[in-house]
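**Student:** Input structure: protein_2.cif, which contains mmCIF, C-alpha atoms.
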data_entry
loop_
_atom_site.label_atom_id
_atom_site.label_comp_id
_atom_site.auth_asym_id
_atom_site.auth_seq_id
_atom_site.Cartn_x
_atom_site.Cartn_y
_atom_site.Cartn_z
CA MET A 1 55.41 219.87 265.34
CA ARG A 2 53.68 222.09 267.91
CA HIS A 3 50.30 220.90 266.62
CA ARG A 4 51.37 217.30 267.09
CA ALA A 5 52.34 217.99 270.68
CA ARG A 6 48.94 219.58 271.28
CA TRP A 7 47.11 216.60 269.83
CA ALA A 8 49.21 214.22 271.93
CA ALA A 9 48.50 216.26 275.06
CA LEU A 10 44.78 216.26 274.22
CA ALA A 11 44.80 212.48 273.72
CA VAL A 12 46.58 211.95 277.05
CA ALA A 13 44.08 214.26 278.76
CA VAL A 14 41.14 212.33 277.30
CA VAL A 15 42.58 209.01 278.48
CA VAL A 16 43.31 210.37 281.97
CA ALA A 17 39.81 211.86 282.17
CA GLY A 18 38.34 208.52 281.09
CA PHE A 19 40.16 206.67 283.85
CA GLY A 20 39.06 209.34 286.30
CA VAL A 21 35.43 208.78 285.36
CA VAL A 22 35.82 205.01 285.70
CA LEU A 23 37.51 205.30 289.10
CA ALA A 24 34.91 207.76 290.36
CA THR A 25 32.13 205.47 289.20
CA GLN A 26 33.73 202.45 290.84
CA VAL A 27 34.07 204.26 294.16
CA SER A 28 30.51 205.52 294.11
CA SER A 29 29.18 202.05 293.26
CA SER A 30 30.83 200.56 296.34
CA PRO A 31 28.22 199.47 298.85
CA SER A 32 29.95 201.63 301.44
CA TYR A 33 28.68 204.71 299.68
CA ARG A 34 25.27 203.73 298.42
CA GLY A 35 22.19 202.00 299.64
CA GLY A 36 23.00 198.97 297.57
CA PRO A 37 21.09 196.96 295.01
CA ILE A 38 18.96 195.19 297.60
CA LEU A 39 16.81 198.29 298.07
CA GLY A 40 13.38 197.88 296.53
CA LYS A 41 13.64 194.11 296.39
CA PRO A 42 11.82 191.48 298.46
CA ALA A 43 13.58 190.94 301.76
CA PRO A 44 15.31 187.55 301.93
CA ASP A 45 13.58 185.36 304.47
CA PHE A 46 15.50 184.01 307.43
CA GLU A 47 14.87 181.69 310.32
CA LEU A 48 17.03 182.15 313.40
CA THR A 49 17.16 181.07 317.01
CA ASP A 50 15.89 183.78 319.35
CA LEU A 51 18.49 184.55 322.01
CA SER A 52 16.83 187.67 323.39
CA ALA A 53 16.35 188.06 327.12
CA GLY A 54 12.58 187.82 326.72
CA ALA A 55 12.69 184.55 324.79
CA ALA A 56 11.67 181.49 326.75
CA ARG A 57 14.62 179.27 327.54
CA THR A 58 14.12 175.64 328.26
CA ASP A 59 16.57 172.81 328.33
CA ALA A 60 14.05 170.57 326.63
CA GLY A 61 12.14 171.29 323.45
CA PRO A 62 12.99 173.45 320.47
CA ALA A 63 14.46 176.91 321.00
CA PRO A 64 12.20 179.83 320.08
CA ARG A 65 12.64 180.92 316.49
CA ILE A 66 12.48 184.17 314.58
CA ARG A 67 11.13 183.89 311.03
CA LEU A 68 10.92 186.98 308.90
CA SER A 69 7.99 185.51 307.03
CA ASP A 70 6.09 185.34 310.33
CA LEU A 71 6.47 189.10 310.67
CA ALA A 72 4.65 189.96 307.42
CA GLY A 73 2.45 193.01 307.82
CA LYS A 74 4.83 194.69 310.25
CA THR A 75 7.68 197.09 309.66
CA VAL A 76 10.82 195.18 310.58
CA ILE A 77 14.12 196.81 311.45
CA VAL A 78 16.93 194.28 310.98
CA ASN A 79 20.20 195.21 312.63
CA PHE A 80 23.29 193.07 311.94
CA TRP A 81 25.67 193.31 314.89
CA ASN A 82 28.32 191.64 317.09
CA THR A 83 29.25 191.91 320.72
CA TRP A 84 32.86 192.83 319.92
CA CYS A 85 32.05 195.56 317.40
CA VAL A 86 32.66 199.04 318.83
CA PRO A 87 30.12 200.94 316.64
CA CYS A 88 27.56 198.26 317.56
CA GLU A 89 28.21 198.97 321.22
CA GLN A 90 27.94 202.70 320.52
CA GLU A 91 24.55 202.33 318.84
CA ARG A 92 23.09 200.03 321.52
CA PRO A 93 21.57 202.92 323.55
CA ALA A 94 19.82 204.19 320.41
CA LEU A 95 18.40 200.75 319.69
CA ALA A 96 17.29 200.44 323.32
CA GLU A 97 15.55 203.82 323.23
CA PHE A 98 13.86 203.06 319.90
CA HIS A 99 12.71 199.70 321.22
CA ALA A 100 11.33 201.27 324.39
CA ARG A 101 9.47 203.92 322.37
CA HIS A 102 7.74 201.32 320.23
CA ALA A 103 7.44 198.48 322.73
CA ASP A 104 3.65 198.72 322.63
CA ASP A 105 3.40 199.16 318.86
CA PRO A 106 2.38 195.84 317.28
CA GLY A 107 3.32 197.13 313.84
CA VAL A 108 7.05 197.43 314.56
CA VAL A 109 9.62 194.74 315.24
CA LEU A 110 13.30 195.26 315.93
CA VAL A 111 15.49 192.23 315.24
CA GLY A 112 19.20 192.13 315.95
CA VAL A 113 20.90 189.48 313.80
CA VAL A 114 24.26 188.30 315.11
CA ARG A 115 26.70 188.42 312.25
CA ASP A 116 30.05 187.06 313.42
CA ASP A 117 30.25 186.00 317.04
CA THR A 118 29.89 183.09 319.45
CA GLU A 119 26.63 182.04 321.03
CA GLU A 120 28.13 182.21 324.53
CA ALA A 121 29.31 185.77 324.03
CA VAL A 122 25.92 186.82 322.70
CA ARG A 123 24.00 185.20 325.56
CA ALA A 124 26.28 186.85 328.12
CA TYR A 125 25.95 190.24 326.39
CA VAL A 126 22.16 189.99 326.19
CA ASP A 127 21.95 189.11 329.89
CA GLU A 128 24.38 191.82 330.92
CA HIS A 129 22.63 194.59 329.01
CA ARG A 130 19.10 193.23 329.38
CA ILE A 131 18.51 193.42 325.63
CA GLY A 132 14.76 193.56 325.16
CA TRP A 133 14.47 193.37 321.39
CA ARG A 134 14.69 190.12 319.51
CA ILE A 135 18.14 188.70 318.88
CA GLY A 136 18.52 186.22 316.04
CA TRP A 137 21.30 183.64 316.14
CA GLY A 138 22.12 181.56 313.07
CA GLY A 139 25.69 180.57 313.82
CA ARG A 140 28.82 182.44 312.88
CA LEU A 141 28.11 184.30 309.63
CA PRO A 142 24.54 183.14 309.11
CA GLN A 143 23.14 182.76 305.62
CA ALA A 144 21.15 185.96 306.20
CA ALA A 145 24.42 187.92 306.34
CA VAL A 146 25.14 186.90 302.74
CA ASP A 147 21.51 187.14 301.60
CA TYR A 148 21.38 190.76 302.73
CA GLY A 149 24.76 191.53 301.14
CA THR A 150 26.38 192.63 304.38
CA THR A 151 30.03 193.60 304.30
CA GLY A 152 30.49 194.16 308.01
CA GLN A 153 28.68 195.38 311.07
CA PRO A 154 26.68 197.24 312.10
CA GLU A 155 24.35 197.28 309.11
CA THR A 156 20.69 198.09 309.48
CA PHE A 157 17.85 197.39 307.06
CA VAL A 158 14.21 198.39 307.16
CA ILE A 159 11.61 196.07 305.68
CA SER A 160 8.19 197.36 304.82
CA PRO A 161 5.00 195.57 305.93
CA GLY A 162 4.82 194.31 302.35
CA GLY A 163 8.21 192.60 302.73
CA ILE A 164 10.31 194.98 300.63
CA VAL A 165 13.70 196.32 301.72
CA VAL A 166 13.17 200.08 301.69
CA GLY A 167 16.20 201.36 303.59
CA LYS A 168 19.73 200.50 304.59
CA GLN A 169 22.39 202.10 306.75
CA LEU A 170 25.96 200.90 307.01
CA SER A 171 27.18 202.97 309.94
CA ARG A 172 25.87 203.11 313.51
CA VAL A 173 22.32 204.34 313.79
CA THR A 174 20.79 207.06 315.92
CA VAL A 175 17.24 207.17 317.23
CA ALA A 176 16.46 209.73 314.53
CA ASN A 177 17.79 207.34 311.85
CA LEU A 178 15.64 204.54 313.19
CA GLU A 179 12.55 206.75 313.26
CA GLU A 180 13.22 207.80 309.66
CA MET A 181 13.57 204.15 308.68
CA LEU A 182 10.34 203.28 310.41
CA ALA A 183 8.54 206.12 308.64
CA ALA A 184 9.96 204.96 305.28
CA GLY A 185 8.80 201.42 305.94
CA ARG A 186 5.31 202.55 306.81
CA ARG A 187 5.11 204.84 303.80
CA ALA A 188 6.05 201.95 301.52
CA GLY A 189 3.30 199.84 303.06
CA MET B 1 68.54 179.72 248.19
CA SER B 2 69.00 183.30 249.32
CA GLY B 3 68.81 184.04 253.07
CA ARG B 4 66.47 186.94 252.55
CA LEU B 5 62.74 186.44 253.10
CA ARG B 6 60.26 188.11 250.81
CA PRO B 7 57.98 190.71 252.47
CA TRP B 8 54.81 188.82 251.61
CA ALA B 9 56.25 185.74 253.30
CA VAL B 10 56.97 187.71 256.47
CA TRP B 11 53.46 189.20 256.59
CA GLY B 12 51.92 185.87 255.70
CA GLY B 13 53.81 184.16 258.50
CA LEU B 14 52.72 186.86 260.90
CA VAL B 15 49.09 186.41 259.93
CA VAL B 16 49.38 182.63 260.36
CA VAL B 17 50.96 182.95 263.82
CA VAL B 18 48.39 185.50 265.05
CA GLY B 19 45.55 183.47 263.55
CA ALA B 20 46.79 180.29 265.20
CA ALA B 21 47.06 182.02 268.57
CA PHE B 22 43.54 183.40 268.18
CA ALA B 23 42.22 179.98 267.22
CA VAL B 24 43.85 178.39 270.28
CA VAL B 25 42.27 181.01 272.55
CA VAL B 26 38.84 180.64 270.97
CA ALA B 27 38.99 176.86 270.88
CA SER B 28 40.16 176.54 274.49
CA PRO B 29 37.67 174.70 276.72
CA GLY B 30 34.77 177.08 277.26
CA GLY B 31 32.32 174.71 278.88
CA GLY B 32 33.56 175.60 282.33
CA PRO B 33 34.59 173.34 285.13
CA ARG B 34 32.57 170.21 285.48
CA THR B 35 32.65 169.15 289.10
CA PRO B 36 30.78 171.19 291.75
CA ALA B 37 34.03 171.79 293.63
CA GLU B 38 35.68 173.19 290.50
CA ARG B 39 32.67 175.39 289.85
CA VAL B 40 32.70 176.65 293.44
CA HIS B 41 36.38 177.54 293.17
CA SER B 42 35.95 179.16 289.77
CA LEU B 43 33.01 181.29 290.87
CA ALA B 44 34.63 182.16 294.20
CA ALA B 45 37.68 183.38 292.29
CA GLU B 46 35.45 185.85 290.43
CA LEU B 47 33.94 187.35 293.60
CA ARG B 48 35.50 189.99 295.81
CA CYS B 49 36.10 189.14 299.46
CA VAL B 50 34.04 191.86 301.15
CA GLU B 51 36.25 192.05 304.22
CA CYS B 52 39.66 191.83 302.53
CA GLN B 53 41.94 194.04 300.51
CA GLY B 54 42.40 192.77 296.97
CA LEU B 55 41.51 189.14 297.67
CA SER B 56 38.90 186.98 296.05
CA VAL B 57 36.46 184.80 297.96
CA ALA B 58 38.52 181.81 296.79
CA ASP B 59 41.74 183.24 298.22
CA SER B 60 40.41 184.43 301.57
CA ASN B 61 39.82 182.38 304.68
CA SER B 62 37.72 185.05 306.39
CA PRO B 63 34.43 183.87 307.92
CA THR B 64 32.46 185.79 305.29
CA ALA B 65 34.44 184.22 302.45
CA GLN B 66 33.89 180.79 303.95
CA ARG B 67 30.17 181.47 304.20
CA MET B 68 30.07 182.72 300.62
CA ARG B 69 31.83 179.58 299.37
CA ALA B 70 29.32 177.48 301.27
CA ASP B 71 26.52 179.55 299.76
CA ILE B 72 27.89 179.05 296.24
CA GLU B 73 28.11 175.30 296.85
CA ARG B 74 24.54 175.25 298.15
CA ARG B 75 23.32 177.09 295.06
CA ILE B 76 25.13 174.64 292.78
CA VAL B 77 24.30 171.39 294.55
CA GLU B 78 20.87 172.04 296.07
CA GLU B 79 19.35 174.72 293.86
CA ARG B 80 21.00 173.60 290.61
CA GLN B 81 21.74 177.19 289.64
CA THR B 82 23.93 177.98 286.66
CA ASP B 83 27.11 180.03 287.00
CA ALA B 84 25.34 183.01 285.46
CA GLU B 85 22.47 182.74 287.93
CA ILE B 86 24.87 182.62 290.86
CA ARG B 87 26.80 185.64 289.59
CA ARG B 88 23.51 187.48 289.12
CA ALA B 89 22.40 186.58 292.67
CA TYR B 90 25.57 188.13 294.11
CA VAL B 91 25.31 191.20 291.92
CA ASP B 92 21.69 191.58 293.08
CA ARG B 93 22.86 191.57 296.70
CA TYR B 94 26.15 193.45 296.50
CA GLY B 95 26.13 195.25 293.16
CA GLU B 96 28.61 195.00 290.28
CA TRP B 97 31.26 195.90 292.84
CA ILE B 98 31.32 192.27 293.99
CA LEU B 99 32.65 191.07 290.61
CA LEU B 100 36.43 191.12 290.35
CA ARG B 101 36.10 190.88 286.57
CA PRO B 102 34.05 193.77 285.20
CA SER B 103 30.99 192.65 283.30
CA GLY B 104 31.80 194.73 280.24
CA GLY B 105 28.63 196.79 280.32
CA GLY B 106 28.43 200.56 280.66
CA LEU B 107 31.57 202.34 281.74
CA ASP B 108 33.10 199.01 282.78
CA ALA B 109 33.47 198.36 279.06
CA LEU B 110 36.29 200.92 279.06
CA VAL B 111 38.42 198.52 281.08
CA TRP B 112 38.22 196.04 278.21
CA ALA B 113 38.08 198.51 275.34
CA LEU B 114 40.98 200.80 276.27
CA PRO B 115 43.72 198.13 276.05
CA VAL B 116 42.33 196.95 272.71
CA VAL B 117 42.23 200.51 271.41
CA ALA B 118 45.78 201.08 272.68
CA ILE B 119 47.03 197.92 270.93
CA MET B 120 45.27 198.89 267.70
CA LEU B 121 46.68 202.42 267.84
CA GLY B 122 50.14 201.01 268.55
CA ALA B 123 49.89 198.58 265.64
CA ALA B 124 48.66 201.35 263.37
CA GLY B 125 51.56 203.55 264.50
CA ILE B 126 54.07 200.81 263.75
CA GLY B 127 52.43 200.23 260.37
CA VAL B 128 52.61 203.93 259.47
CA ALA B 129 56.23 204.10 260.63
CA LEU B 130 57.16 201.08 258.48
CA TRP B 131 55.29 202.50 255.51
CA ARG B 132 57.07 205.83 255.80
CA TRP B 133 60.40 204.11 256.32
CA ARG B 134 59.91 202.05 253.16
CA ARG B 135 58.97 205.14 251.16
CA GLN B 136 62.17 206.90 252.08
CA PRO B 137 64.44 207.27 249.01
CA ARG B 138 67.27 204.79 248.80
CA PRO B 139 70.82 206.13 249.02
CA GLU B 140 71.97 207.50 245.72
CA VAL B 141 74.31 205.27 243.79
CA ARG B 142 77.44 207.15 242.86
CA PRO B 143 79.45 206.46 239.77
CA GLY B 144 81.74 203.52 240.35
CA ASP B 145 79.75 202.00 243.23
CA GLU B 146 78.15 199.30 241.11
CA GLU B 147 81.46 198.38 239.60
CA LEU B 148 83.05 198.22 243.03
CA VAL B 149 80.33 195.88 244.32
CA ALA B 150 80.60 193.72 241.23
CA ASP B 151 84.37 193.40 241.76
CA LEU B 152 83.89 192.44 245.38
CA ARG B 153 81.33 189.80 244.47
CA ARG B 154 83.54 188.41 241.78
CA THR B 155 86.47 188.08 244.15
CA SER B 156 84.56 186.77 247.15
CA THR B 157 84.27 183.18 245.90
CA PRO B 158 87.73 182.04 244.80
CA ALA B 159 89.35 179.00 246.37
CA ASP B 160 92.41 180.90 247.58
CA PRO B 161 91.47 182.74 250.79
CA ALA B 162 94.74 184.61 250.79
CA ALA B 163 93.96 186.09 247.39
CA THR B 164 90.50 187.02 248.53
CA SER B 165 91.67 188.90 251.56
CA GLU B 166 94.36 190.59 249.52
CA VAL B 167 91.87 191.81 246.94
CA ALA B 168 89.42 192.84 249.63
CA ALA B 169 92.11 194.77 251.43
CA THR B 170 93.02 196.52 248.19
CA LYS B 171 89.42 197.44 247.49
CA ALA B 172 88.88 198.56 251.05
CA THR B 173 91.80 200.88 250.69
CA GLU B 174 90.32 202.18 247.46
CA VAL B 175 86.94 203.04 248.95
CA ARG B 176 88.31 204.61 252.10
CA PRO B 177 87.60 208.34 251.97
#
Would you kindly transcribe this structure into structure tokens?
**Tutor:**
Amino acid sequence: MRHRARWAALAVAVVVAGFGVVLATQVSSSPSYRGGPILGKPAPDFELTDLSAGAARTDAGPAPRIRLSDLAGKTVIVNFWNTWCVPCEQERPALAEFHARHADDPGVVLVGVVRDDTEEAVRAYVDEHRIGWRIGWGGRLPQAAVDYGTTGQPETFVISPGGIVVGKQLSRVTVANLEEMLAAGRRAG
Amino acid sequence: MSGRLRPWAVWGGLVVVVGAAFAVVVASPGGGPRTPAERVHSLAAELRCVECQGLSVADSNSPTAQRMRADIERRIVEERQTDAEIRRAYVDRYGEWILLRPSGGGLDALVWALPVVAIMLGAAGIGVALWRWRRQPRPEVRPGDEELVADLRRTSTPADPAATSEVAATKATEVRP
């Protein structure tokens, strides 16, 4: 009888351990904890309206556009953001400093893609903070947000000059993070 | 006709019922929904809403879920992608995490295998218990028991109910310890 109890306890332990392994694996495979499956794959192309302060604004004629395919050969940092997102606001100084550092570097482009916001709010924010890097607007939840597998904001991707996604960060970035991303993009070539 | 079923009839009936249920499940329409809207809903129901807690893309009205439904529709209508291709596209972007129904590969297979193993173990346990129960020795027949039963059977069919109950009462008194 005692042996039976031991075998039963062992069986229960094995089942519990099995569920533990499954749960642990599920948690670690969540995109919140890992770089995600997009790493190492060709970056999905996008075409967005440029709302940055430096973009020419005219009432007539087509609005300036940002096409990822036009940026081939450069390391592109793509930052998904919103005006109402607190971590996005917290990382804005880092993005501004990184942009200022590399303003004269033709091999680097920083693109902020608006993820879930209104055009009016974005234009007002860009004017207020004198955003110098390129701001892509594709409507609320643009196709790029799904193509890059975003789950929220901010999310930042680095695309190598060869057009491969080589890095991803889900939380707010620092200047050091951005420099690491740039270095990774250049290494990948 | 006796009211008692033979064991082989019980097991045979069980096999027929289980087999019929299995056949219904297997033969149920497997071609998938036909219209694009049905396919969109079906696929959206398989995908996790990335901004929600425990909701599918089909159940959520969040902006991301709306965009994902539009993306699924675009893939079906414009790009003519199959359901498998669309699932694969989302897994390529978000990982297996995006699928509400595990694919069945790797450790995910445990989610499907464990219930089956549990059912099989339970069935085996019930089978062993029945087998052991049937092997238990029958109660020993004591002298006089067979005669007593024969008397009761003989007296249980007469036309006079009063006589029957009288005899039964007498016998009951006799067998009382």
**Student:** Residue by residue, what does the PyMOL selection byres ((chain A) within 6 of (chain B)) grab here? Present the result as a list in words.
**Tutor:**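 Listing what the PyMOL selection byres ((chain A) within 6 of (chain B)) selects in the shown file: Ser30, Pro37, Ile38, Gly149 and Thr151 of chain A.
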**Student:** Give me, please, the distance in Å between CA of Gly167 (chain A) and CA of Val108 (chain A), quoted to one decimal.
**Tutor:**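 So the two atoms, CA of Gly167 (chain A) and CA of Val108 (chain A), lie 14.8 Å apart.
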**Student:** Give me, as a list in words, all polymer residues having an atom no more than 7 Å from Thr75 (chain A), counting only C-alpha atoms and skipping those fewer than 6 positions away in the same chain.
**Tutor:**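 Those residues are Gly107, Val108, Val109, Ile159, Ser160, Pro161, Leu182, Gly185 and Arg186 of chain A.
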**Student:** Going by the chain IDs and residue numbers used in this file, which residues fall under the PyMOL selection byres ((chain A and resi 131) around 10)? Write them as a list in words.
**Tutor:**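 For this structure, the PyMOL selection byres ((chain A and resi 131) around 10) resolves to Leu51, Ser52, Ala53, Gly54, Arg92, Leu95, Ala96, His99, Gly112, Arg123, Tyr125, Val126, Asp127, Glu128, His129, Arg130, Gly132, Trp133, Arg134 and Ile135 of chain A.
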**Student:** Mind pulling up the distance from CA of Val57 (chain B) to CA of Val165 (chain A)?
**Tutor:** 25.8 Å
**Student:** I'd like the residues picked by the PyMOL selection byres ((chain A and resi 143-145) around 9) written out as a list of chain:residue names, using the chain letters and numbers from the file.
**Tutor:**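 Listing what the PyMOL selection byres ((chain A and resi 143-145) around 9) selects in the shown file: A:Pro44, A:Asp45, A:Phe46, A:Glu47, A:Phe80, A:Val113, A:Val114, A:Arg115, A:Gly138, A:Gly139, A:Leu141, A:Pro142, A:Val146, A:Asp147, A:Tyr148, A:Gly149, A:Thr150, A:Thr151, A:Gly152, B:Thr64, B:Arg67, B:Met68, B:Asp71.
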**Student:** At what distance in Å, to one decimal, does CA of Glu89 (chain A) lie from CA of Glu155 (chain A)?
**Tutor:**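 Interatomic distance, CA of Glu155 (chain A) to CA of Glu89 (chain A): 12.8 Å.
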**Student:** Excluding Gln90 (chain A) and its own-chain neighbours fewer than 3 positions away, which residues fall within 10 Å of it when counting all atoms listed in the file? Please give them as a list in words.
**Tutor:**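 Surrounding residues, per the criterion: Cys85, Val86, Pro87, Pro93, Ala94, Leu95, Arg172, Val173 and Thr174 of chain A.
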**Student:** Could you save those same residues with C-alpha atoms as a CSV table (one decimal), keeping the file's coordinate frame?
**Tutor:**
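Ended up saving to out-v4.csv:
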chain,number,residue,atom,x,y,z
A,85,CYS,CA,32.0,195.6,317.4
A,86,VAL,CA,32.7,199.0,318.8
A,87,PRO,CA,30.1,200.9,316.6
A,93,PRO,CA,21.6,202.9,323.6
A,94,ALA,CA,19.8,204.2,320.4
A,95,LEU,CA,18.4,200.8,319.7
A,172,ARG,CA,25.9,203.1,313.5
A,173,VAL,CA,22.3,204.3,313.8
A,174,THR,CA,20.8,207.1,315.9
**Student:** Since the input has fewer atoms than a full residue there, write region 129-155 of chain B out with N, CA and C atoms, as an mmCIF file, keeping the file's coordinate frame.
**Tutor:**
data_model
loop_
_atom_site.group_PDB
_atom_site.id
_atom_site.type_symbol
_atom_site.label_atom_id
_atom_site.label_comp_id
_atom_site.auth_asym_id
_atom_site.auth_seq_id
_atom_site.Cartn_x
_atom_site.Cartn_y
_atom_site.Cartn_z
ATOM 1 N N ALA B 129 54.777 203.873 260.570
ATOM 2 C CA ALA B 129 56.230 204.100 260.630
ATOM 3 C C ALA B 129 56.948 203.238 259.597
ATOM 4 N N LEU B 130 56.531 201.966 259.482
ATOM 5 C CA LEU B 130 57.160 201.080 258.480
ATOM 6 C C LEU B 130 56.903 201.579 257.077
ATOM 7 N N TRP B 131 55.652 202.006 256.855
ATOM 8 C CA TRP B 131 55.290 202.500 255.510
ATOM 9 C C TRP B 131 56.131 203.710 255.133
ATOM 10 N N ARG B 132 56.282 204.627 256.087
ATOM 11 C CA ARG B 132 57.070 205.830 255.800
ATOM 12 C C ARG B 132 58.544 205.473 255.627
ATOM 13 N N TRP B 133 58.994 204.512 256.410
ATOM 14 C CA TRP B 133 60.400 204.110 256.320
ATOM 15 C C TRP B 133 60.693 203.504 254.945
ATOM 16 N N ARG B 134 59.703 202.701 254.461
ATOM 17 C CA ARG B 134 59.910 202.050 253.160
ATOM 18 C C ARG B 134 59.828 203.047 252.018
ATOM 19 N N ARG B 135 59.103 204.142 252.229
ATOM 20 C CA ARG B 135 58.970 205.140 251.160
ATOM 21 C C ARG B 135 60.156 206.088 251.088
ATOM 22 N N GLN B 136 61.006 206.010 252.108
ATOM 23 C CA GLN B 136 62.170 206.900 252.080
ATOM 24 C C GLN B 136 63.060 206.543 250.880
ATOM 25 N N PRO B 137 63.599 207.545 250.180
ATOM 26 C CA PRO B 137 64.440 207.270 249.010
ATOM 27 C C PRO B 137 65.693 206.499 249.411
ATOM 28 N N ARG B 138 66.072 205.558 248.526
ATOM 29 C CA ARG B 138 67.270 204.790 248.800
ATOM 30 C C ARG B 138 68.496 205.668 248.596
ATOM 31 N N PRO B 139 69.603 205.316 249.223
ATOM 32 C CA PRO B 139 70.820 206.130 249.020
ATOM 33 C C PRO B 139 71.203 206.164 247.542
ATOM 34 N N GLU B 140 71.625 207.318 247.136
ATOM 35 C CA GLU B 140 71.970 207.500 245.720
ATOM 36 C C GLU B 140 73.226 206.702 245.362
ATOM 37 N N VAL B 141 73.146 206.047 244.234
ATOM 38 C CA VAL B 141 74.310 205.270 243.790
ATOM 39 C C VAL B 141 75.244 206.187 243.010
ATOM 40 N N ARG B 142 76.481 206.256 243.514
ATOM 41 C CA ARG B 142 77.440 207.150 242.860
ATOM 42 C C ARG B 142 78.193 206.399 241.766
ATOM 43 N N PRO B 143 78.710 207.114 240.857
ATOM 44 C CA PRO B 143 79.450 206.460 239.770
ATOM 45 C C PRO B 143 80.580 205.602 240.353
ATOM 46 N N GLY B 144 80.673 204.397 239.889
ATOM 47 C CA GLY B 144 81.740 203.520 240.350
ATOM 48 C C GLY B 144 81.321 202.565 241.433
ATOM 49 N N ASP B 145 80.187 202.864 242.122
ATOM 50 C CA ASP B 145 79.750 202.000 243.230
ATOM 51 C C ASP B 145 79.365 200.615 242.731
ATOM 52 N N GLU B 146 78.607 200.596 241.612
ATOM 53 C CA GLU B 146 78.150 199.300 241.110
ATOM 54 C C GLU B 146 79.330 198.447 240.658
ATOM 55 N N GLU B 147 80.277 199.112 240.057
ATOM 56 C CA GLU B 147 81.460 198.380 239.600
ATOM 57 C C GLU B 147 82.252 197.828 240.792
ATOM 58 N N LEU B 148 82.324 198.626 241.830
ATOM 59 C CA LEU B 148 83.050 198.220 243.030
ATOM 60 C C LEU B 148 82.397 196.988 243.652
ATOM 61 N N VAL B 149 81.054 197.017 243.746
ATOM 62 C CA VAL B 149 80.330 195.880 244.320
ATOM 63 C C VAL B 149 80.494 194.647 243.463
ATOM 64 N N ALA B 150 80.441 194.856 242.133
ATOM 65 C CA ALA B 150 80.600 193.720 241.230
ATOM 66 C C ALA B 150 81.981 193.092 241.400
ATOM 67 N N ASP B 151 83.009 193.922 241.554
ATOM 68 C CA ASP B 151 84.370 193.400 241.760
ATOM 69 C C ASP B 151 84.465 192.594 243.037
ATOM 70 N N LEU B 152 83.850 193.139 244.094
ATOM 71 C CA LEU B 152 83.890 192.440 245.380
ATOM 72 C C LEU B 152 83.197 191.092 245.290
ATOM 73 N N ARG B 153 82.051 191.068 244.591
ATOM 74 C CA ARG B 153 81.330 189.800 244.470
ATOM 75 C C ARG B 153 82.122 188.789 243.665
ATOM 76 N N ARG B 154 82.752 189.307 242.649
ATOM 77 C CA ARG B 154 83.540 188.410 241.780
ATOM 78 C C ARG B 154 84.685 187.788 242.564
ATOM 79 N N THR B 155 85.277 188.564 243.439
ATOM 80 C CA THR B 155 86.470 188.080 244.150
ATOM 81 C C THR B 155 86.145 187.432 245.476
#
